[in-house]
There are 2 protein chains.
Amino acid sequence: MTTLLGVPEVVIDRLPIYARALAMLEMQGRQVVSSQELGAELGVTPAQIRKDLSYFGRFGKQGRGYNVQRLAAELKGILGLDREWRMVLVGVGNLGRAILSYRGFAEEGFRIVAAFDRNADTIGETFDGVEVQSIANLPRFLKDNPVQVGIVAVSAAGAQEVVDTLVANGVRGILNYAPIALHVPPGTRAKDIEPVLALQSMTYYLKGATS
Amino acid sequence: MTTLLGVPEVVIDRLPIYARALAMLEMQGRQVVSSQELGAELGVTPAQIRKDLSYFGRFGKQGRGYNVQRLAAELKGILGLDREWRMVLVGVGNLGRAILSYRGFAEEGFRIVAAFDRNADTIGETFDGVEVQSIANLPRFLKDNPVQVGIVAVSAAGAQEVVDTLVANGVRGILNYAPIALHVPPGTRAKDIEPVLALQSMTYYLKGATS
């Protein structure tokens, strides 16, 4: 699968991992890093790192390594991480509450601006500073507020309908926790956070090795 | 990245998705499915499906489609999904509680047999039928009970230590929810469930398109 710009999706998927490692090195005060070191840290070959980065221009001199600060900034720009992203959460059960309490989103510029549920007991409650609204308010909210990403944390049965509502109201990014294969129109990006699928490919490797 | 058996990891990662779609078709009473239909359902090209399956032998006759029941059973066997897998959960905060209440694991044969935390307030509490034990008990538990997968739902700061304990006591599969790059020895499989990384590659595609 290759994107319109010719950069394979697997390459795009690796860039945030590089960006994260570089941010860590930057915090440690490192100025230069080689593709060997970066590769050893991340479990990727140096050749892979050089090839992935080559899609976006020349970032290092042969034998000199990468300038940590510059490459970190470039990757943030390429990925669009130099701005804030606004998200809504739909579904405030146990999973939704864990998502609301997770600090990692806001730290990286992903802000949950509103949360929605259909359960009357949950509507009106506040979790980590976000008051839960009725899902009936979702279309109105999306019309009045810029939102780029919808987090779907409802059950499988309700997930496609929620996604359709999000997409119909201009949300182009879906982070899906429901265990179904979503249908989204072209131009919409959906990512599945799917622990069972992750386990089900892991077992291919474990099945010969474990008791 | 190619495995020892020569099947690329990206292919293995797609097999559970095929297996899930086939299980759904089987439930609907379908007997035969073409790679075209399966591809249309999953957003994968028919050629990709045929190529992925060809690593494991011949499953369909040209122009005749796949026998749904047979292919579903074959994929389950290949992936090791025809048995029960035993898991422990480490970290019983909001996220850990969402994991314990998630029905999708047990439905697919992944059973959480014990949960561990370091917080004295949480130890002794029961969530969804699992009593939380002190993390000090973890090595002993793993010596006495067969466990194939460890779910890591602790904070970034404590995650590597938890993984080291799991691996030192024979656990070969790690499902990691902590936002760090884990180090695991060869022969151990680790999968990251990483919402922020998923968002950070999604924004590459969204950045040109959204407000």
# chains A, B, ... in the order shown; residues from 1 in each chain; ligands from 1
>>> closest_atom_pairs(of="chain B", to="chain A", cutoff="8 Å", atoms="only C-alpha atoms", output="CSV")
residue,atom,partner,partner_atom,distance
B:Ile12,CA,A:Ser201,CA,5.9
B:Asp13,CA,A:Ser201,CA,5.4
B:Arg14,CA,A:Ser201,CA,8.0
B:Leu15,CA,A:Ser201,CA,7.3
B:Pro16,CA,A:Gln200,CA,5.9
B:Ile17,CA,A:Leu197,CA,7.2
B:Leu42,CA,A:Ala181,CA,6.9
B:Ile78,CA,A:Tyr204,CA,6.7
B:Leu79,CA,A:Tyr204,CA,4.3
B:Gly80,CA,A:Lys207,CA,5.6
B:Leu81,CA,A:Gln200,CA,7.0
B:Asn94,CA,A:Ala98,CA,4.7
B:Leu95,CA,A:Ala98,CA,4.8
B:Arg97,CA,A:Asn94,CA,6.9
B:Ala98,CA,A:Asn94,CA,4.8
B:Ile99,CA,A:Leu95,CA,7.7
B:Ser101,CA,A:Asn94,CA,7.6
B:Gly104,CA,A:Val196,CA,7.0
B:Phe105,CA,A:Val196,CA,6.3
B:Glu108,CA,A:Val196,CA,7.7
B:Pro146,CA,A:Ser211,CA,7.0
B:Gln148,CA,A:Thr210,CA,6.6
B:Arg172,CA,A:Leu206,CA,7.0
B:Gly173,CA,A:Leu206,CA,7.0
B:Leu175,CA,A:Leu199,CA,7.3
B:Pro179,CA,A:Gly104,CA,7.8
B:Ala181,CA,A:Leu42,CA,6.9
B:Arg189,CA,A:Met202,CA,6.6
B:Ala190,CA,A:Met202,CA,7.8
B:Lys191,CA,A:Ala198,CA,6.5
B:Ile193,CA,A:Ile193,CA,6.6
B:Glu194,CA,A:Ile193,CA,7.4
B:Pro195,CA,A:Ile193,CA,6.7
B:Val196,CA,A:Phe105,CA,6.3
B:Leu197,CA,A:Pro16,CA,6.0
B:Ala198,CA,A:Lys191,CA,6.5
B:Leu199,CA,A:Leu175,CA,7.4
B:Gln200,CA,A:Pro16,CA,5.9
B:Ser201,CA,A:Asp13,CA,5.4
B:Met202,CA,A:Arg189,CA,6.6
B:Thr203,CA,A:Gly80,CA,5.7
B:Tyr204,CA,A:Leu79,CA,4.3
B:Tyr205,CA,A:Arg189,CA,7.4
B:Leu206,CA,A:Arg172,CA,7.0
B:Lys207,CA,A:Gly80,CA,5.7
B:Thr210,CA,A:Gln148,CA,6.7
B:Ser211,CA,A:Pro146,CA,7.0
>>> write_last_selection(atoms="C-alpha atoms", output="short mmCIF file (atom, residue, chain, number, x, y, z; two decimals), in the first residue's frame")
data_model
loop_
_atom_site.label_atom_id
_atom_site.label_comp_id
_atom_site.auth_asym_id
_atom_site.auth_seq_id
_atom_site.Cartn_x
_atom_site.Cartn_y
_atom_site.Cartn_z
CA ILE B 12 1.18 -12.89 9.84
CA ASP B 13 -0.37 -9.65 11.09
CA ARG B 14 -3.08 -9.87 8.40
CA LEU B 15 -4.04 -13.52 9.00
CA PRO B 16 -6.14 -12.83 12.13
CA ILE B 17 -8.13 -10.29 10.13
CA LEU B 42 -11.57 -5.96 4.41
CA ILE B 78 -1.71 -21.82 11.59
CA LEU B 79 -2.13 -19.02 14.12
CA GLY B 80 -2.44 -21.32 17.13
CA LEU B 81 -5.97 -20.15 17.88
CA ASN B 94 -8.20 2.40 35.04
CA LEU B 95 -6.63 0.76 32.03
CA ARG B 97 -9.71 -2.55 34.93
CA ALA B 98 -10.90 -1.90 31.37
CA ILE B 99 -8.74 -4.83 30.25
CA SER B 101 -13.75 -6.16 31.95
CA GLY B 104 -13.17 -9.94 23.75
CA PHE B 105 -10.15 -11.72 25.22
CA GLU B 108 -11.26 -15.64 21.58
CA PRO B 146 1.68 -22.03 33.02
CA GLN B 148 2.11 -17.66 27.96
CA ARG B 172 7.37 -15.45 26.00
CA GLY B 173 4.60 -13.12 24.84
CA LEU B 175 1.17 -7.30 25.24
CA PRO B 179 4.30 4.06 26.09
CA ALA B 181 10.17 1.00 23.54
CA ARG B 189 7.39 -11.58 21.17
CA ALA B 190 6.24 -8.14 22.26
CA LYS B 191 3.34 -6.19 20.74
CA ILE B 193 -0.90 -1.33 21.98
CA GLU B 194 -0.08 2.25 21.43
CA PRO B 195 -2.82 4.78 20.78
CA VAL B 196 -0.44 7.73 20.60
CA LEU B 197 1.77 6.13 17.95
CA ALA B 198 -1.35 5.27 15.96
CA LEU B 199 -2.49 8.91 16.17
CA GLN B 200 0.95 10.21 15.28
CA SER B 201 1.01 8.41 11.96
CA MET B 202 -2.64 9.26 11.27
CA THR B 203 -1.86 12.97 11.50
CA TYR B 204 0.51 12.65 8.54
CA TYR B 205 -2.56 12.05 6.40
CA LEU B 206 -4.85 14.46 8.23
CA LYS B 207 -2.57 17.46 8.34
CA THR B 210 -8.33 19.28 8.18
CA SER B 211 -8.85 22.59 9.86
#
>>> select_by_dssp(residues="range 17-93 of chain A", states="strand (DSSP E)", output="compact mmCIF listing (two decimals) with C-alpha atoms, in the first residue's frame")
# COMPACT_ATOMS: atom_id res chain seq x y z
CA VAL A 32 24.23 13.68 17.07
CA VAL A 33 23.08 10.09 16.61
CA GLY A 60 22.51 13.32 7.59
CA LYS A 61 25.96 13.25 6.08
CA GLY A 65 25.21 10.83 11.87
CA TYR A 66 22.03 12.85 12.27
CA ASN A 67 21.66 16.16 14.05
CA TRP A 85 -5.17 18.02 17.57
CA ARG A 86 -8.67 18.08 18.99
CA MET A 87 -10.48 14.83 19.68
CA VAL A 88 -13.86 13.66 20.94
CA LEU A 89 -14.41 10.42 22.80
CA VAL A 90 -17.56 8.39 22.19
>>> closest_residue(among="B:Val92, B:Leu53, B:Ala156, B:Val163", to="Asp128 in chain B", atoms="only C-alpha atoms")
B:Val92
>>> atom_distance(atom1="CA of Thr126 in chain B", atom2="CA of Arg111 in chain B")
15.9 Å
>>> decode(residues="range 106-121 of chain B", atoms="N, CA and C atoms", output="CSV table (one decimal), in the first residue's frame")
chain,number,residue,atom,x,y,z
B,106,ALA,N,-11.5,-13.3,26.4
B,106,ALA,CA,-12.0,-14.7,26.7
B,106,ALA,C,-12.7,-15.3,25.6
B,107,GLU,N,-13.5,-14.5,24.9
B,107,GLU,CA,-14.3,-15.0,23.7
B,107,GLU,C,-13.4,-15.6,22.7
B,108,GLU,N,-12.2,-15.1,22.6
B,108,GLU,CA,-11.3,-15.6,21.6
B,108,GLU,C,-10.2,-16.6,22.2
B,109,GLY,N,-10.4,-17.0,23.4
B,109,GLY,CA,-9.5,-18.1,23.9
B,109,GLY,C,-8.3,-17.5,24.7
B,110,PHE,N,-8.4,-16.2,25.0
B,110,PHE,CA,-7.3,-15.6,25.8
B,110,PHE,C,-7.8,-15.3,27.2
B,111,ARG,N,-7.3,-16.1,28.2
B,111,ARG,CA,-7.9,-16.0,29.5
B,111,ARG,C,-6.9,-15.3,30.5
B,112,ILE,N,-7.4,-14.3,31.1
B,112,ILE,CA,-6.6,-13.7,32.2
B,112,ILE,C,-6.8,-14.5,33.5
B,113,VAL,N,-5.7,-15.1,33.9
B,113,VAL,CA,-5.8,-16.0,35.0
B,113,VAL,C,-5.4,-15.4,36.4
B,114,ALA,N,-4.7,-14.2,36.3
B,114,ALA,CA,-4.3,-13.5,37.5
B,114,ALA,C,-4.0,-12.1,37.2
B,115,ALA,N,-4.1,-11.2,38.2
B,115,ALA,CA,-3.8,-9.8,38.0
B,115,ALA,C,-2.9,-9.3,39.2
B,116,PHE,N,-2.0,-8.4,38.9
B,116,PHE,CA,-1.0,-8.0,39.9
B,116,PHE,C,-0.9,-6.5,39.9
B,117,ASP,N,-0.7,-5.9,41.1
B,117,ASP,CA,-0.5,-4.5,41.2
B,117,ASP,C,0.4,-4.2,42.4
B,118,ARG,N,1.0,-3.0,42.5
B,118,ARG,CA,1.9,-2.7,43.6
B,118,ARG,C,1.1,-1.8,44.6
B,119,ASN,N,0.0,-1.4,44.3
B,119,ASN,CA,-0.8,-0.4,45.1
B,119,ASN,C,-1.6,-1.2,46.2
B,120,ALA,N,-1.2,-0.9,47.5
B,120,ALA,CA,-1.9,-1.6,48.6
B,120,ALA,C,-3.4,-1.4,48.6
B,121,ASP,N,-3.9,-0.3,48.1
B,121,ASP,CA,-5.3,-0.1,48.1
B,121,ASP,C,-6.0,-1.0,47.1
